[in-house]
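Q: So here's run14.tsv (TSV, C-alpha atoms and all ligand atoms).
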```tsv
chain	number	residue	atom	x	y	z
A	1	MET	CA	-35.34	15.55	-32.46
A	2	ILE	CA	-33.01	18.18	-30.96
A	3	VAL	CA	-30.65	16.70	-28.40
A	4	LYS	CA	-30.32	19.25	-25.63
A	5	LYS	CA	-27.05	19.70	-23.78
A	6	ASP	CA	-27.06	19.39	-20.00
A	7	ILE	CA	-26.70	22.93	-18.72
A	8	ARG	CA	-24.18	21.84	-16.13
A	9	LEU	CA	-21.69	21.06	-18.88
A	10	LEU	CA	-21.34	24.83	-19.26
A	11	ASP	CA	-18.76	26.68	-17.23
A	12	ARG	CA	-19.34	29.96	-15.51
A	13	LYS	CA	-18.08	32.07	-18.44
A	14	GLU	CA	-20.42	30.30	-20.86
A	15	LEU	CA	-23.40	30.93	-18.57
A	16	ASP	CA	-22.42	34.61	-18.30
A	17	LEU	CA	-22.39	34.80	-22.09
A	18	ILE	CA	-25.86	33.26	-22.43
A	19	VAL	CA	-27.21	35.72	-19.90
A	20	SER	CA	-25.65	38.75	-21.61
A	21	GLN	CA	-26.61	37.60	-25.13
A	22	ASN	CA	-30.25	37.34	-24.06
A	23	GLY	CA	-30.26	40.78	-22.47
A	24	TRP	CA	-30.76	39.61	-18.88
A	25	LYS	CA	-28.96	41.42	-16.06
A	26	ARG	CA	-25.58	40.01	-15.02
A	27	PHE	CA	-26.76	38.95	-11.55
A	28	ARG	CA	-29.12	36.45	-13.23
A	29	ALA	CA	-26.04	34.32	-13.99
A	30	ASP	CA	-25.15	34.33	-10.26
A	31	GLN	CA	-28.67	33.26	-9.40
A	32	LEU	CA	-28.71	30.50	-12.00
A	33	TRP	CA	-25.28	29.22	-10.87
A	34	GLN	CA	-26.54	29.05	-7.28
A	35	TRP	CA	-29.62	27.06	-8.24
A	36	LEU	CA	-27.47	24.64	-10.21
A	37	TRP	CA	-24.61	24.09	-7.78
A	38	LYS	CA	-25.53	25.28	-4.31
A	39	LYS	CA	-29.26	24.70	-4.07
A	40	ASN	CA	-29.02	21.68	-6.34
A	41	LYS	CA	-32.34	22.14	-8.11
A	42	ARG	CA	-32.93	19.81	-11.01
A	43	GLU	CA	-35.98	21.57	-12.56
A	44	PHE	CA	-35.72	25.01	-14.16
A	45	ALA	CA	-39.28	25.72	-13.02
A	46	GLU	CA	-38.14	25.50	-9.38
A	47	MET	CA	-35.70	28.41	-9.79
A	48	LYS	CA	-38.15	30.83	-8.28
A	49	ASN	CA	-36.26	34.11	-8.55
A	50	LEU	CA	-35.51	33.81	-12.29
A	51	PRO	CA	-37.80	35.67	-14.74
A	52	GLY	CA	-40.33	33.58	-16.65
A	53	ASP	CA	-38.77	34.23	-20.07
A	54	MET	CA	-35.40	33.03	-18.78
A	55	ILE	CA	-36.91	29.81	-17.41
A	56	ASP	CA	-38.69	29.23	-20.75
A	57	TYR	CA	-35.47	29.85	-22.69
A	58	LEU	CA	-33.42	27.52	-20.49
A	59	SER	CA	-36.05	24.77	-20.61
A	60	ALA	CA	-36.24	25.01	-24.41
A	61	HIS	CA	-32.48	24.91	-24.96
A	62	TYR	CA	-30.97	22.88	-22.14
A	63	ASP	CA	-31.44	19.71	-20.14
A	64	LEU	CA	-30.90	19.37	-16.43
A	65	VAL	CA	-30.78	15.65	-15.83
A	66	PRO	CA	-30.76	14.35	-12.25
A	67	LEU	CA	-29.03	11.10	-11.26
A	68	LYS	CA	-31.55	8.30	-10.88
A	69	VAL	CA	-30.98	5.86	-8.07
A	70	ASP	CA	-31.96	2.57	-9.64
A	71	ARG	CA	-31.37	0.45	-6.56
A	72	GLN	CA	-30.33	1.10	-2.99
A	73	GLN	CA	-29.00	-1.58	-0.64
A	74	ILE	CA	-28.25	-1.09	3.03
A	75	SER	CA	-25.68	-3.35	4.64
A	76	ASN	CA	-25.89	-4.80	8.16
A	77	ASP	CA	-23.17	-2.31	9.15
A	78	GLY	CA	-25.11	0.68	7.75
A	79	THR	CA	-23.16	1.07	4.51
A	80	ILE	CA	-25.46	2.21	1.70
A	81	LYS	CA	-24.74	1.14	-1.86
A	82	ASN	CA	-26.50	3.01	-4.65
A	83	ARG	CA	-26.73	1.77	-8.18
A	84	ILE	CA	-27.24	4.83	-10.33
A	85	TYR	CA	-28.61	5.28	-13.84
A	86	LEU	CA	-26.87	7.96	-15.87
A	87	SER	CA	-28.73	9.90	-18.56
A	88	ASP	CA	-27.37	7.62	-21.31
A	89	GLY	CA	-28.48	4.45	-19.51
A	90	ASN	CA	-25.04	3.52	-18.18
A	91	LEU	CA	-24.80	2.38	-14.57
A	92	ILE	CA	-22.36	3.35	-11.84
A	93	GLU	CA	-22.17	2.68	-8.11
A	94	THR	CA	-21.73	5.06	-5.18
A	95	VAL	CA	-21.28	3.98	-1.58
A	96	LEU	CA	-21.97	5.88	1.64
A	97	ILE	CA	-19.93	4.55	4.55
A	98	PRO	CA	-20.98	5.70	8.02
A	99	VAL	CA	-18.32	5.16	10.67
A	100	PRO	CA	-19.88	3.94	13.93
A	101	ASN	CA	-19.00	5.85	17.13
A	102	ASP	CA	-17.59	8.60	15.03
A	103	LYS	CA	-19.06	11.56	13.29
A	104	ARG	CA	-17.56	10.47	10.00
A	105	GLN	CA	-19.71	9.89	6.94
A	106	THR	CA	-17.64	9.03	3.90
A	107	VAL	CA	-18.76	8.68	0.32
A	108	CYS	CA	-16.87	6.58	-2.19
A	109	VAL	CA	-17.54	8.01	-5.65
A	110	SER	CA	-17.00	6.58	-9.11
A	111	SER	CA	-15.13	8.56	-11.75
A	112	GLN	CA	-15.60	6.38	-14.83
A	113	VAL	CA	-18.11	3.84	-16.13
A	114	GLY	CA	-16.00	0.68	-15.92
A	115	CYS	CA	-12.21	0.82	-15.99
A	116	SER	CA	-9.46	0.08	-18.49
A	117	LEU	CA	-6.74	-0.93	-16.06
A	118	SER	CA	-7.67	-4.56	-15.29
A	119	CYS	CA	-6.20	-4.90	-11.79
A	120	SER	CA	-6.68	-8.58	-11.08
A	121	PHE	CA	-8.16	-8.21	-7.56
A	122	CYS	CA	-10.87	-5.74	-8.60
A	123	ALA	CA	-14.37	-6.43	-9.88
A	124	THR	CA	-14.52	-3.15	-11.84
A	125	GLY	CA	-11.35	-4.23	-13.63
A	126	LYS	CA	-13.30	-7.15	-15.11
A	127	MET	CA	-15.51	-4.64	-16.95
A	128	LYS	CA	-14.33	-2.58	-19.89
A	129	ARG	CA	-14.00	1.16	-19.64
A	130	ILE	CA	-17.14	2.61	-21.22
A	131	ARG	CA	-16.71	6.33	-20.65
A	132	ASN	CA	-15.52	9.04	-18.31
A	133	LEU	CA	-18.02	10.65	-15.98
A	134	GLU	CA	-18.76	14.34	-16.40
A	135	ALA	CA	-17.96	16.61	-13.45
A	136	HIS	CA	-21.64	17.04	-12.60
A	137	GLU	CA	-22.16	13.27	-12.56
A	138	ILE	CA	-19.42	12.98	-9.93
A	139	TYR	CA	-20.71	16.02	-8.03
A	140	ASP	CA	-24.24	14.58	-7.92
A	141	GLN	CA	-22.96	11.40	-6.25
A	142	VAL	CA	-21.65	13.59	-3.44
A	143	VAL	CA	-24.94	15.49	-3.17
A	144	LEU	CA	-26.83	12.20	-3.07
A	145	ALA	CA	-24.61	10.81	-0.30
A	146	ASN	CA	-24.87	14.02	1.70
A	147	ASN	CA	-28.68	13.77	1.54
A	148	GLN	CA	-28.55	10.11	2.57
A	149	ALA	CA	-26.19	10.84	5.48
A	150	GLN	CA	-28.70	13.40	6.74
A	151	THR	CA	-31.79	11.28	6.16
A	152	HIS	CA	-30.43	7.99	7.50
A	153	TYR	CA	-27.89	9.12	10.11
A	154	ASP	CA	-28.79	12.71	10.92
A	155	GLN	CA	-25.26	13.80	10.04
A	156	VAL	CA	-23.68	15.67	7.18
A	157	LEU	CA	-21.20	14.13	4.81
A	158	THR	CA	-17.66	14.65	6.12
A	159	ASN	CA	-15.29	12.87	3.71
A	160	ILE	CA	-15.07	12.06	0.03
A	161	VAL	CA	-12.91	9.37	-1.49
A	162	TYR	CA	-12.46	8.90	-5.23
A	163	MET	CA	-12.10	5.13	-4.88
A	164	GLY	CA	-15.18	3.81	-6.66
A	165	MET	CA	-15.33	2.61	-10.24
A	166	GLY	CA	-12.58	3.87	-12.54
A	167	GLU	CA	-9.14	5.47	-12.39
A	168	PRO	CA	-9.67	9.14	-11.45
A	169	LEU	CA	-6.45	10.38	-13.05
A	170	LEU	CA	-7.54	9.01	-16.42
A	171	ASN	CA	-10.48	11.41	-16.14
A	172	TYR	CA	-8.28	14.21	-14.92
A	173	LYS	CA	-10.15	17.26	-16.17
A	174	ASN	CA	-13.58	16.24	-14.91
A	175	VAL	CA	-12.30	14.94	-11.59
A	176	LEU	CA	-10.53	18.22	-10.87
A	177	LYS	CA	-13.55	20.19	-12.04
A	178	SER	CA	-15.80	18.19	-9.70
A	179	ILE	CA	-13.42	18.89	-6.80
A	180	ASP	CA	-13.43	22.61	-7.63
A	181	LEU	CA	-17.21	22.57	-7.42
A	182	ILE	CA	-17.32	20.51	-4.23
A	183	THR	CA	-14.85	22.82	-2.49
A	184	SER	CA	-16.12	26.11	-3.89
A	185	PRO	CA	-18.20	28.32	-1.57
A	186	GLU	CA	-20.61	28.54	-4.50
A	187	GLY	CA	-20.91	24.74	-4.46
A	188	LEU	CA	-20.76	22.49	-1.40
A	189	GLY	CA	-17.99	24.47	0.33
A	190	MET	CA	-16.18	21.38	1.66
A	191	SER	CA	-12.51	21.46	2.59
A	192	PRO	CA	-10.13	19.81	0.08
A	193	ARG	CA	-8.40	18.22	3.08
A	194	ARG	CA	-11.48	16.01	3.40
A	195	ILE	CA	-11.09	14.73	-0.12
A	196	THR	CA	-8.84	11.84	-1.13
A	197	VAL	CA	-8.18	10.85	-4.71
A	198	SER	CA	-7.03	7.28	-5.12
A	199	THR	CA	-4.88	6.26	-8.07
A	200	VAL	CA	-2.91	3.30	-9.32
A	201	GLY	CA	-0.05	5.79	-9.53
A	202	LEU	CA	0.29	7.27	-13.01
A	203	GLU	CA	3.62	9.06	-12.93
A	204	LYS	CA	2.83	11.78	-15.45
A	205	MET	CA	-0.50	12.62	-13.89
A	206	ILE	CA	0.88	12.74	-10.33
A	207	ARG	CA	3.47	15.26	-11.52
A	208	LYS	CA	0.67	17.22	-13.15
A	209	LEU	CA	-1.30	17.24	-9.87
A	210	ALA	CA	1.74	18.74	-8.18
A	211	ASP	CA	2.18	21.36	-10.91
A	212	ASP	CA	-1.51	22.20	-10.61
A	213	GLU	CA	-0.99	22.72	-6.85
A	214	VAL	CA	-3.95	20.61	-5.79
A	215	LYS	CA	-4.93	20.67	-2.12
A	216	PHE	CA	-6.53	17.26	-1.68
A	217	ASN	CA	-4.96	14.05	-0.35
A	218	LEU	CA	-3.56	11.34	-2.53
A	219	ALA	CA	-3.97	7.59	-1.97
A	220	ILE	CA	-1.82	5.21	-3.97
A	221	SER	CA	-3.15	1.73	-4.73
A	222	LEU	CA	0.18	0.07	-4.06
A	223	HIS	CA	-0.75	-3.52	-3.11
A	224	ALA	CA	2.76	-4.90	-3.70
A	225	ALA	CA	6.18	-3.54	-2.84
A	226	ASN	CA	8.27	-4.91	-5.71
A	227	ASP	CA	7.82	-4.65	-9.47
A	228	GLU	CA	7.49	-8.34	-10.14
A	229	LYS	CA	4.59	-8.83	-7.76
A	230	ARG	CA	2.97	-5.54	-8.58
A	231	SER	CA	3.05	-6.14	-12.34
A	232	SER	CA	1.50	-9.55	-11.83
A	233	ILE	CA	-1.65	-8.03	-10.28
A	234	MET	CA	-1.59	-4.53	-11.81
A	235	PRO	CA	-0.65	-4.43	-15.50
A	236	ILE	CA	-0.19	-0.64	-15.32
A	237	ASN	CA	3.01	-1.29	-13.35
A	238	ASP	CA	4.71	-2.38	-16.59
A	239	GLN	CA	4.65	1.21	-17.86
A	240	ASN	CA	4.65	2.93	-14.45
A	241	ASN	CA	7.05	0.96	-12.32
A	242	LEU	CA	7.71	1.58	-8.66
A	243	ALA	CA	10.82	3.68	-9.27
A	244	SER	CA	8.93	6.10	-11.53
A	245	LEU	CA	5.96	6.15	-9.15
A	246	MET	CA	8.17	6.93	-6.16
A	247	SER	CA	10.00	9.70	-7.96
A	248	ALA	CA	6.65	11.25	-8.97
A	249	LEU	CA	5.51	11.04	-5.33
A	250	ASP	CA	8.74	12.74	-4.16
A	251	TYR	CA	7.94	15.53	-6.58
A	252	PHE	CA	4.29	15.70	-5.48
A	253	TYR	CA	5.17	15.86	-1.80
A	254	SER	CA	7.97	18.38	-2.23
A	255	LEU	CA	5.64	20.76	-4.05
A	256	THR	CA	2.35	20.28	-2.18
A	257	LYS	CA	3.08	18.74	1.25
A	258	ASN	CA	-0.32	17.08	0.88
A	259	ARG	CA	-1.05	13.87	2.73
A	260	ILE	CA	-0.10	10.65	0.90
A	261	SER	CA	-1.28	7.17	1.84
A	262	TYR	CA	-0.63	3.72	0.44
A	263	GLU	CA	-3.51	1.32	0.02
A	264	TYR	CA	-2.40	-2.27	0.45
A	265	ILE	CA	-4.85	-5.14	0.00
A	266	ALA	CA	-3.57	-8.09	2.00
A	267	LEU	CA	-3.66	-11.20	-0.19
A	268	ARG	CA	-2.97	-14.57	1.40
A	269	ASP	CA	0.53	-15.92	0.73
A	270	PHE	CA	1.10	-13.29	-1.93
A	271	ASN	CA	1.99	-10.01	-0.25
A	272	ASP	CA	1.29	-10.62	3.45
A	273	GLY	CA	4.68	-11.85	4.72
A	274	LEU	CA	7.29	-10.03	6.77
A	275	GLU	CA	9.61	-9.92	3.73
A	276	ASP	CA	6.85	-7.99	1.96
A	277	ALA	CA	6.52	-5.67	4.94
A	278	LYS	CA	10.28	-5.01	4.82
A	279	GLU	CA	10.08	-4.14	1.13
A	280	LEU	CA	7.12	-1.90	1.79
A	281	LEU	CA	9.02	-0.15	4.55
A	282	SER	CA	11.69	0.88	2.04
A	283	HIS	CA	9.01	2.91	0.21
A	284	CYS	CA	7.85	4.61	3.40
A	285	LYS	CA	10.96	6.60	4.24
A	286	ARG	CA	10.95	9.14	1.42
A	287	PHE	CA	8.07	11.31	2.64
A	288	PRO	CA	5.51	11.00	5.46
A	289	VAL	CA	3.09	8.29	4.46
A	290	LYS	CA	0.33	6.30	6.09
A	291	VAL	CA	-0.31	2.68	5.12
A	292	ASN	CA	-3.87	1.38	5.01
A	293	ILE	CA	-3.88	-2.38	4.99
A	294	ILE	CA	-7.18	-3.51	3.54
A	295	GLU	CA	-8.94	-6.80	3.99
A	296	TYR	CA	-9.44	-8.55	0.65
A	297	ASN	CA	-13.04	-9.06	-0.40
A	298	THR	CA	-13.90	-12.11	-2.40
A	299	ILE	CA	-14.68	-11.52	-6.05
A	300	THR	CA	-16.13	-14.19	-8.31
A	301	GLY	CA	-13.59	-15.55	-10.77
A	302	VAL	CA	-10.53	-14.36	-8.83
A	303	ASP	CA	-8.24	-16.86	-7.12
A	304	PHE	CA	-6.93	-14.68	-4.30
A	305	GLU	CA	-7.92	-15.28	-0.71
A	306	LYS	CA	-8.14	-13.01	2.27
A	307	ALA	CA	-4.93	-12.98	4.34
A	308	ASN	CA	-4.92	-14.49	7.80
A	309	GLU	CA	-5.83	-11.85	10.39
A	310	ASN	CA	-2.91	-12.61	12.70
A	311	LYS	CA	-0.51	-12.30	9.80
A	312	VAL	CA	-2.04	-8.98	8.82
A	313	ASP	CA	-1.74	-7.72	12.39
A	314	ALA	CA	1.93	-8.77	12.48
A	315	PHE	CA	2.50	-6.99	9.16
A	316	ALA	CA	0.97	-3.79	10.53
A	317	GLU	CA	2.90	-4.10	13.79
A	318	PHE	CA	6.18	-4.42	11.92
A	319	LEU	CA	5.51	-1.16	10.07
A	320	THR	CA	4.37	0.62	13.22
A	321	LYS	CA	7.46	-0.52	15.16
A	322	ASN	CA	9.56	0.93	12.38
A	323	GLY	CA	7.93	4.31	12.65
A	324	VAL	CA	5.29	4.06	9.92
A	325	MET	CA	1.68	4.79	10.68
A	326	ALA	CA	-0.23	1.68	9.61
A	327	THR	CA	-3.87	0.77	10.12
A	328	VAL	CA	-5.80	-2.35	9.28
A	329	ARG	CA	-9.14	-1.65	7.67
A	330	ARG	CA	-11.69	-4.37	8.09
A	331	SER	CA	-14.16	-4.16	5.25
A	332	ARG	CA	-17.53	-2.48	5.32
A	333	GLY	CA	-20.58	-3.36	3.28
A	334	LYS	CA	-19.31	-6.81	2.26
A	335	ASP	CA	-22.76	-8.41	2.44
A	336	ILE	CA	-24.01	-6.12	-0.33
A	337	ASP	CA	-20.83	-6.19	-2.48
A	338	ALA	CA	-20.11	-2.58	-1.57
A	339	ALA	CA	-16.64	-3.14	-0.14
A	340	CYS	CA	-13.33	-2.17	-1.67
A	341	GLY	CA	-12.83	-3.75	-5.09
A	342	GLN	CA	-16.34	-5.16	-5.30
A	343	LEU	CA	-18.14	-2.48	-7.34
A	344	ALA	CA	-19.16	-3.86	-10.69
A	345	ASN	CA	-22.91	-3.62	-11.41
A	346	LYS	CA	-23.30	-7.36	-11.08
A	347	GLU	CA	-26.45	-7.53	-13.18
B	401	LIG	S1	-8.51	-1.06	-8.75
B	401	LIG	FE1	-9.13	0.92	-9.65
B	401	LIG	S2	-7.75	1.14	-11.40
B	401	LIG	FE2	-7.66	-1.04	-10.84
B	401	LIG	S3	-9.23	-2.02	-12.13
B	401	LIG	FE3	-10.21	-1.47	-10.18
B	401	LIG	S4	-11.15	0.52	-10.57
B	401	LIG	FE4	-9.62	0.18	-12.18
```
Go ahead and express the file in the form of structure tokens.
Ligand code: SF4

A:
Amino acid sequence: MIVKKDIRLLDRKELDLIVSQNGWKRFRADQLWQWLWKKNKREFAEMKNLPGDMIDYLSAHYDLVPLKVDRQQISNDGTIKNRIYLSDGNLIETVLIPVPNDKRQTVCVSSQVGCSLSCSFCATGKMKRIRNLEAHEIYDQVVLANNQAQTHYDQVLTNIVYMGMGEPLLNYKNVLKSIDLITSPEGLGMSPRRITVSTVGLEKMIRKLADDEVKFNLAISLHAANDEKRSSIMPINDQNNLASLMSALDYFYSLTKNRISYEYIALRDFNDGLEDAKELLSHCKRFPVKVNIIEYNTITGVDFEKANENKVDAFAEFLTKNGVMATVRRSRGKDIDAACGQLANKE
């Protein structure tokens, strides 16, 4: 049996070549590209303005596999969690988060199947990394969420966060390719300012983002403000300590001026004290940064507990009083395990 390649693994130059080698006019490549990325058709037969012989050729030589939503759950707060089957049978999760009283519709996309980094507060970290997602598999999560935002909430998707399963910067090439497609006028045409890539903070890759002059925002999963604590919950900190992370962020900000935020999950009696806030403050003076303090969501087999709300408010107030923008994010989609750190394909 011939295994056909998904046509969306081809870049624009490769499509141009196929078109010229088969003797079709050059504009046929433009039309095909539009069907694939702008009109998001997932059947060659639906590409109405292509000649019949081209459709036959493409169908015979290439696949065009759509994402299959295997299960959809809607939370009491309107958050929609999708469990998605990939073409090889692997599963990922994608979450649409509508913000009440606001026109914001945010999708949280996955970038890998599983994750290799084993952060102790994260359900995905309990899985192994199975593989990187292809750019079109990331792109399709955004298309899916945009359709759901329109169907369920009569709004278009406004924001994209790469905060689902996996470490985006360990799938650098495909993540950047997906963002190129999402922001391209020939794709979804969204502004890169509405995209945030979240990372544990891999020094080398952050420097590479700066050198590549990316335009999107960067969120750092910080979660602790000294090396000892951070290494105890995030093993990656042993090779990428806070000093190297901060120097990479200095470099990133000096070159791009893009928005940087710190994600900080408040864990009871671990990182929620005023001493911790003081240490965190010392990392907030190098470049403009916003701190998102996130409520911890219970994960089976993990000993941490959610920090006391008053303590979290005091923590945020301390930062604010000292000139740092800090917000407390109460979780969304907890009842369906769609909140931060909970994505793991339970079954
Ligand atoms: S927090 Fe992110 S990097 Fe850490 S284990 Fe979870 S998915 Fe991986």

Q: So the first atom is atom CA of Leu117 of chain A and the second is atom CA of Glu167 of chain A; what is the distance between them in Å, to one decimal place?

A: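 Computed distance, atom CA of Leu117 of chain A to atom CA of Glu167 of chain A, equals 7.8 Å.
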
Q: Find, counting only C-alpha atoms, the residue in A:Ala266, A:Leu319, A:Leu17, A:Leu281 that gets nearest to Ile293 of chain A.

A: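 Of the candidates, the smallest distance to Ile293 of chain A is held by A:Ala266.
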
Q: Counting all atoms listed in the file, what is within 9 Å of Pro288 of chain A, bar same-chain residues fewer than 6 positions away, as a list in words?

A: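 What passes the distance filter is Tyr253, Arg259, Ile260, Ser261, Val324 and Met325 of chain A.
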
Q: Which residue is closest to Thr183 of chain A? Choose from A:Trp37, A:Tyr264, A:Asn297, A:Ala248 and count all atoms listed in the file.

A: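 Of A:Trp37, A:Tyr264, A:Asn297, A:Ala248, the one nearest Thr183 of chain A is A:Trp37, counting all atoms listed in the file.
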
Q: Return as a PyMOL selection string the residues of protein, DNA or RNA that approach ligand LIG 401 (chain B) to within 10 Å, with all atoms listed in the file taken into account.

A: chain A and resi 110-129+162-170+198-201+221-223+233-236+340-344

Q: When you count only C-alpha atoms, which of these residues is closest to Ile84 of chain A: A:Asp6, A:Asp140, A:Glu228, A:Glu213?

A: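 The shortest atom-to-atom distance to Ile84 of chain A comes from A:Asp140.
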
Q: Which distance in Å separates atom CA of Gln150 of chain A and atom CA of Thr196 of chain A, to one decimal?

A: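 Answer for the atom CA of Gln150 of chain A to atom CA of Thr196 of chain A separation: 21.4 Å.
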
Q: Could you jot down the atom CA of Thr106 of chain A to atom CA of Asn159 of chain A separation for me, Å, one decimal place?

A: 4.5 Å

Q: Measuring atom to atom with all atoms listed in the file, identify which of A:Val107, A:Ile195, A:Ala316, A:Leu157 is nearest to Lys278 of chain A.

A: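 Of all the options, A:Ala316 lies closest to Lys278 of chain A.
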